[in-house]
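J.: Dropping the structure in here first, questions after.
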Amino acid sequence: MNSEGESLAVNALSERQKSFQGLPYNAADDPDLIQGRLRARKYLKAYNDYPPAEYKPNFRAIDYFGPDERFQILADLFGIPLEKVKSLPICIEPPFYCDYGTNIEFKGEFYSNFNFTVLGTGSFNCAKVTIGSRVLCAPNVHLYAATHSVEVSERRAGLERAYPITIGDDVWIGGNVSIIGPCTIGNGVTIAAGSTVRGIVPDNVVFGGNPGRILKKLEPPPPLTQAETEMEPGARVSVP
């Protein structure tokens, strides 16, 4: 196809379809994307404003992030069943921010401290953010699956781009870390506080700095023990 034909084919796509293909798109000019952002804001306000749990006898770790009504807000935001949110579990300290929620997939147990932020287009097909099992985030961890071009003409046109982010299992992310798509972080990684991360981070390393680099190589961890596997949901996460 010649350049004119390619241009016509691109112009025939919706803004959301362009984002699926990694093309520049206008997020302010697509009804589905606008509706998705407004939908997320409704759930985020409800979640961030929800009263904290009341301590009572036999208080369990999972109760700290409950009750079910509060977990249900996250379930609706991410588009997954309530029981999955509780059984993984997904534990997020408020305030939490994202633009869509439906582009985030949790593979297992997850905890984030305050001001966890995920930005990217609203679809699993593009700029998907995948988070592995037993991932811990300190305050102010930001995941940027959406970005703008270095080309001024593209920014003047109100266009943005979207790239995926994947985080492996057993990852610890320090405070004030920015993770920028496209990015893949391997298993058993520690990201030092204040780092900027982009590209590929291999398994079992300490990664840090700005720009980020490998600071130390680590031995692979031993397999999970039966006791670790059978831990009560939420018992492994730290709380402030």
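Please note that chains go A, B, ... in the order of the structure tokens, that every chain numbers its residues from 1, and that ligands are numbered from 1 in the order shown.
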Within 10 Å of A:Ile131, counting only C-alpha atoms, which residues qualify if same-chain residues fewer than 2 places away don't, as a count of residues only?
T.: 19
J.: If we count only C-alpha atoms and set the cut-off at 8 Å, which residues sit around stretch 225-238 of chain A, ignoring sequence neighbours fewer than 5 positions away in its own chain? Please answer as a list in words.
T.: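 Skipping anything fewer than 5 positions along the chain leaves Ala61, Ile62, Lys86, Ser87, Leu88, Pro89, Cys91, Glu109, Phe110, Tyr111 and Leu136 of chain A.
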J.: Which residue is closest to A:Val205? Choose from A:Pro31, A:Gly181, A:Pro221, A:Gly188 and count only C-alpha atoms.
T.: A:Gly188
J.: Enumerate, as JSON, numbers by chain, the complete set of residues in stretch 4-187 of chain A that a backbone-based DSSP assignment places in strand (DSSP E).
T.: {"A": [90, 91, 92, 96, 97, 98, 104, 105, 106, 110, 111, 112, 116, 117, 118, 119, 129, 130, 131, 135, 136, 137, 142, 143, 144, 146, 147, 161, 162, 165, 166, 167, 172, 173, 178, 179, 180, 181, 182, 183, 184, 185]}
J.: Those residues with C-alpha atoms, as a PDB file, in the first residue's frame please?
T.:
```pdb
ATOM      1  CA  ILE A  90      -5.855  -6.762  45.752  1.00  0.00           C
ATOM      2  CA  CYS A  91      -5.033  -4.339  48.567  1.00  0.00           C
ATOM      3  CA  ILE A  92      -4.679  -0.673  47.636  1.00  0.00           C
ATOM      4  CA  PHE A  96      -5.609   5.475  44.206  1.00  0.00           C
ATOM      5  CA  TYR A  97      -5.739   6.943  40.706  1.00  0.00           C
ATOM      6  CA  CYS A  98      -6.182   5.483  37.228  1.00  0.00           C
ATOM      7  CA  ILE A 104      -5.067  -3.381  34.501  1.00  0.00           C
ATOM      8  CA  GLU A 105      -4.704  -7.115  35.131  1.00  0.00           C
ATOM      9  CA  PHE A 106      -3.626  -8.580  38.482  1.00  0.00           C
ATOM     10  CA  PHE A 110      -0.914  -7.167  45.341  1.00  0.00           C
ATOM     11  CA  TYR A 111      -0.370  -4.344  47.801  1.00  0.00           C
ATOM     12  CA  SER A 112       0.189  -0.666  47.155  1.00  0.00           C
ATOM     13  CA  PHE A 116      -0.627   4.455  43.378  1.00  0.00           C
ATOM     14  CA  THR A 117      -1.262   5.793  39.853  1.00  0.00           C
ATOM     15  CA  VAL A 118      -1.800   3.892  36.579  1.00  0.00           C
ATOM     16  CA  LEU A 119      -2.306   5.774  33.316  1.00  0.00           C
ATOM     17  CA  VAL A 129      -0.732  -3.113  32.521  1.00  0.00           C
ATOM     18  CA  THR A 130      -0.061  -6.618  33.874  1.00  0.00           C
ATOM     19  CA  ILE A 131       0.980  -7.025  37.519  1.00  0.00           C
ATOM     20  CA  VAL A 135       3.984  -7.371  44.153  1.00  0.00           C
ATOM     21  CA  LEU A 136       4.498  -4.632  46.746  1.00  0.00           C
ATOM     22  CA  CYS A 137       4.522  -0.886  46.025  1.00  0.00           C
ATOM     23  CA  HIS A 142       3.366   5.717  39.057  1.00  0.00           C
ATOM     24  CA  LEU A 143       2.851   3.488  35.997  1.00  0.00           C
ATOM     25  CA  TYR A 144       2.664   5.427  32.733  1.00  0.00           C
ATOM     26  CA  ALA A 146       0.242   6.443  28.077  1.00  0.00           C
ATOM     27  CA  THR A 147       2.614   9.108  26.825  1.00  0.00           C
ATOM     28  CA  ARG A 161       0.464   7.079  22.353  1.00  0.00           C
ATOM     29  CA  ALA A 162       0.133   3.943  24.467  1.00  0.00           C
ATOM     30  CA  ILE A 165       3.801  -2.425  31.082  1.00  0.00           C
ATOM     31  CA  THR A 166       4.390  -5.893  32.588  1.00  0.00           C
ATOM     32  CA  ILE A 167       5.580  -6.505  36.149  1.00  0.00           C
ATOM     33  CA  TRP A 172       9.213  -4.756  45.378  1.00  0.00           C
ATOM     34  CA  ILE A 173       8.896  -1.198  44.038  1.00  0.00           C
ATOM     35  CA  SER A 178       8.078   6.048  37.699  1.00  0.00           C
ATOM     36  CA  ILE A 179       7.609   3.090  35.340  1.00  0.00           C
ATOM     37  CA  ILE A 180       7.217   4.138  31.700  1.00  0.00           C
ATOM     38  CA  GLY A 181       5.900   1.933  28.903  1.00  0.00           C
ATOM     39  CA  PRO A 182       6.999  -0.008  27.023  1.00  0.00           C
ATOM     40  CA  CYS A 183       8.469  -1.762  30.042  1.00  0.00           C
ATOM     41  CA  THR A 184       8.873  -5.343  31.286  1.00  0.00           C
ATOM     42  CA  ILE A 185      10.111  -5.994  34.821  1.00  0.00           C
TER      43      ILE A 185
END
```
J.: Which residue is closest to A:Arg37? Choose from A:Gly186, A:Gly208, A:Gly101, A:Pro57 and count only C-alpha atoms.
T.: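 The closest residue to A:Arg37 is A:Gly101.
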J.: Tell me which of A:Ser14, A:Ala192, A:Arg70, A:Gln35 sits closest to A:Pro52, counting only C-alpha atoms.
T.: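 With only C-alpha atoms as the atom set, the closest residue is A:Arg70.
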J.: Give me, as a PyMOL selection string, all polymer residues having an atom no more than 9 Å from stretch 71-81 of chain A, counting only C-alpha atoms and skipping those fewer than 4 positions away in the same chain.
T.: chain A and resi 39-40+42-44+46-47+65-67+85-86+90-91+100-105
J.: Would you save the residues from that selection as a compact mmCIF listing (two decimals), in the first residue's frame, using all heavy atoms?
T.:
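Below is the file out_1.txt, written as the result:
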```
# COMPACT_ATOMS: atom_id res chain seq x y z
N ARG A 39 -16.42 6.79 33.79
CA ARG A 39 -16.79 5.61 34.59
C ARG A 39 -15.78 5.37 35.71
O ARG A 39 -16.15 5.15 36.86
CB ARG A 39 -16.87 4.40 33.66
CG ARG A 39 -16.95 3.06 34.35
CD ARG A 39 -16.74 1.92 33.36
NE ARG A 39 -16.60 0.66 34.04
CZ ARG A 39 -15.47 0.20 34.59
NH1 ARG A 39 -14.36 0.94 34.52
NH2 ARG A 39 -15.44 -0.96 35.20
N ALA A 40 -14.49 5.42 35.36
CA ALA A 40 -13.45 5.18 36.36
C ALA A 40 -13.49 6.23 37.47
O ALA A 40 -13.31 5.90 38.65
CB ALA A 40 -12.08 5.18 35.69
N LYS A 42 -15.97 7.76 38.75
CA LYS A 42 -17.06 7.46 39.68
C LYS A 42 -16.60 6.43 40.72
O LYS A 42 -16.81 6.62 41.93
CB LYS A 42 -18.26 6.92 38.90
CG LYS A 42 -19.42 6.50 39.78
CD LYS A 42 -20.54 5.88 38.95
CE LYS A 42 -20.16 4.50 38.43
NZ LYS A 42 -21.30 3.82 37.75
N TYR A 43 -15.96 5.35 40.24
CA TYR A 43 -15.50 4.31 41.17
C TYR A 43 -14.35 4.79 42.05
O TYR A 43 -14.27 4.45 43.24
CB TYR A 43 -15.09 3.06 40.40
CG TYR A 43 -16.26 2.34 39.77
CD1 TYR A 43 -16.28 2.08 38.40
CD2 TYR A 43 -17.35 1.91 40.52
CE1 TYR A 43 -17.35 1.42 37.81
CE2 TYR A 43 -18.42 1.25 39.94
CZ TYR A 43 -18.42 1.01 38.59
OH TYR A 43 -19.48 0.37 38.01
N LEU A 44 -13.44 5.58 41.49
CA LEU A 44 -12.30 6.06 42.26
C LEU A 44 -12.75 6.97 43.39
O LEU A 44 -12.22 6.91 44.50
CB LEU A 44 -11.32 6.79 41.35
CG LEU A 44 -10.56 5.89 40.37
CD1 LEU A 44 -9.82 6.73 39.34
CD2 LEU A 44 -9.58 4.97 41.10
N ALA A 46 -15.65 6.91 44.91
CA ALA A 46 -16.29 6.05 45.91
C ALA A 46 -15.26 5.30 46.73
O ALA A 46 -15.38 5.18 47.97
CB ALA A 46 -17.24 5.08 45.22
N TYR A 47 -14.20 4.80 46.08
CA TYR A 47 -13.18 4.03 46.79
C TYR A 47 -12.34 4.92 47.69
O TYR A 47 -12.11 4.61 48.87
CB TYR A 47 -12.27 3.31 45.78
CG TYR A 47 -11.28 2.39 46.44
CD1 TYR A 47 -11.66 1.14 46.90
CD2 TYR A 47 -9.94 2.77 46.62
CE1 TYR A 47 -10.76 0.29 47.53
CE2 TYR A 47 -9.03 1.93 47.23
CZ TYR A 47 -9.45 0.70 47.69
OH TYR A 47 -8.55 -0.13 48.31
N PHE A 65 -8.74 -3.96 54.67
CA PHE A 65 -9.06 -3.36 53.37
C PHE A 65 -10.53 -3.52 52.99
O PHE A 65 -10.94 -3.09 51.93
CB PHE A 65 -8.18 -3.99 52.28
CG PHE A 65 -6.72 -3.75 52.51
CD1 PHE A 65 -5.93 -4.67 53.18
CD2 PHE A 65 -6.13 -2.57 52.07
CE1 PHE A 65 -4.58 -4.42 53.41
CE2 PHE A 65 -4.78 -2.33 52.29
CZ PHE A 65 -4.01 -3.25 52.97
N GLY A 66 -11.33 -4.10 53.90
CA GLY A 66 -12.74 -4.32 53.63
C GLY A 66 -13.60 -3.14 54.06
O GLY A 66 -13.09 -2.04 54.30
N PRO A 67 -14.93 -3.37 54.12
CA PRO A 67 -15.66 -4.63 53.96
C PRO A 67 -15.89 -5.00 52.50
O PRO A 67 -15.34 -4.35 51.60
CB PRO A 67 -16.99 -4.32 54.66
CG PRO A 67 -17.20 -2.86 54.40
CD PRO A 67 -15.82 -2.26 54.48
N VAL A 85 -10.97 -10.32 43.72
CA VAL A 85 -10.34 -9.21 44.43
C VAL A 85 -9.96 -9.63 45.85
O VAL A 85 -8.87 -9.31 46.35
CB VAL A 85 -11.27 -7.98 44.47
CG1 VAL A 85 -10.65 -6.85 45.30
CG2 VAL A 85 -11.56 -7.48 43.06
N LYS A 86 -10.84 -10.39 46.50
CA LYS A 86 -10.60 -10.79 47.89
C LYS A 86 -9.64 -11.96 48.02
O LYS A 86 -8.89 -12.05 48.99
CB LYS A 86 -11.93 -11.15 48.55
CG LYS A 86 -12.88 -9.97 48.73
CD LYS A 86 -14.18 -10.41 49.37
CE LYS A 86 -13.95 -10.98 50.76
NZ LYS A 86 -15.22 -11.41 51.40
N ILE A 90 -6.34 -8.04 46.25
CA ILE A 90 -5.85 -6.76 45.75
C ILE A 90 -6.07 -5.73 46.86
O ILE A 90 -7.21 -5.42 47.20
CB ILE A 90 -6.60 -6.35 44.47
CG1 ILE A 90 -6.40 -7.40 43.37
CG2 ILE A 90 -6.12 -4.98 44.00
CD1 ILE A 90 -7.27 -7.18 42.15
N CYS A 91 -4.98 -5.25 47.41
CA CYS A 91 -5.03 -4.34 48.57
C CYS A 91 -4.38 -3.01 48.19
O CYS A 91 -3.15 -2.95 48.01
CB CYS A 91 -4.33 -4.96 49.77
SG CYS A 91 -5.02 -6.56 50.27
N TYR A 100 -8.67 4.47 33.53
CA TYR A 100 -9.71 3.56 33.05
C TYR A 100 -9.95 2.38 34.00
O TYR A 100 -11.08 2.06 34.30
CB TYR A 100 -9.36 3.02 31.66
CG TYR A 100 -9.28 4.10 30.61
CD1 TYR A 100 -8.04 4.64 30.24
CD2 TYR A 100 -10.41 4.59 29.99
CE1 TYR A 100 -7.96 5.64 29.28
CE2 TYR A 100 -10.34 5.59 29.03
CZ TYR A 100 -9.11 6.11 28.67
OH TYR A 100 -9.03 7.10 27.74
N GLY A 101 -8.90 1.71 34.43
CA GLY A 101 -9.05 0.54 35.30
C GLY A 101 -9.17 -0.77 34.54
O GLY A 101 -8.64 -1.79 34.95
N THR A 102 -9.86 -0.76 33.39
CA THR A 102 -10.10 -1.99 32.65
C THR A 102 -8.87 -2.47 31.89
O THR A 102 -8.89 -3.56 31.32
CB THR A 102 -11.26 -1.80 31.65
OG1 THR A 102 -11.01 -0.64 30.86
CG2 THR A 102 -12.58 -1.65 32.38
N ASN A 103 -7.81 -1.66 31.87
CA ASN A 103 -6.58 -2.10 31.21
C ASN A 103 -5.56 -2.67 32.20
O ASN A 103 -4.43 -2.95 31.83
CB ASN A 103 -5.93 -0.94 30.45
CG ASN A 103 -5.45 0.16 31.38
OD1 ASN A 103 -6.14 0.50 32.34
ND2 ASN A 103 -4.29 0.73 31.11
N ILE A 104 -5.98 -2.88 33.46
CA ILE A 104 -5.07 -3.38 34.50
C ILE A 104 -5.45 -4.82 34.83
O ILE A 104 -6.61 -5.12 35.12
CB ILE A 104 -5.14 -2.52 35.77
CG1 ILE A 104 -4.93 -1.04 35.44
CG2 ILE A 104 -4.12 -2.99 36.80
CD1 ILE A 104 -5.23 -0.11 36.60
N GLU A 105 -4.47 -5.72 34.79
CA GLU A 105 -4.70 -7.12 35.13
C GLU A 105 -3.78 -7.52 36.28
O GLU A 105 -2.57 -7.32 36.21
CB GLU A 105 -4.47 -8.03 33.93
CG GLU A 105 -4.72 -9.51 34.26
CD GLU A 105 -4.48 -10.43 33.07
OE1 GLU A 105 -4.00 -9.94 32.03
OE2 GLU A 105 -4.76 -11.64 33.20
```
J.: Could you check how far atom CA of A:Ala27 sits from atom CA of A:Glu154, in Å to one decimal?
T.: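 Value for the atom CA of A:Ala27-atom CA of A:Glu154 distance: 13.0 Å.
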J.: Provide the atom CA of A:Pro164 to atom CA of A:Glu83 distance in Å, to one decimal place.
T.: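 Interatomic distance here is 26.4 Å.
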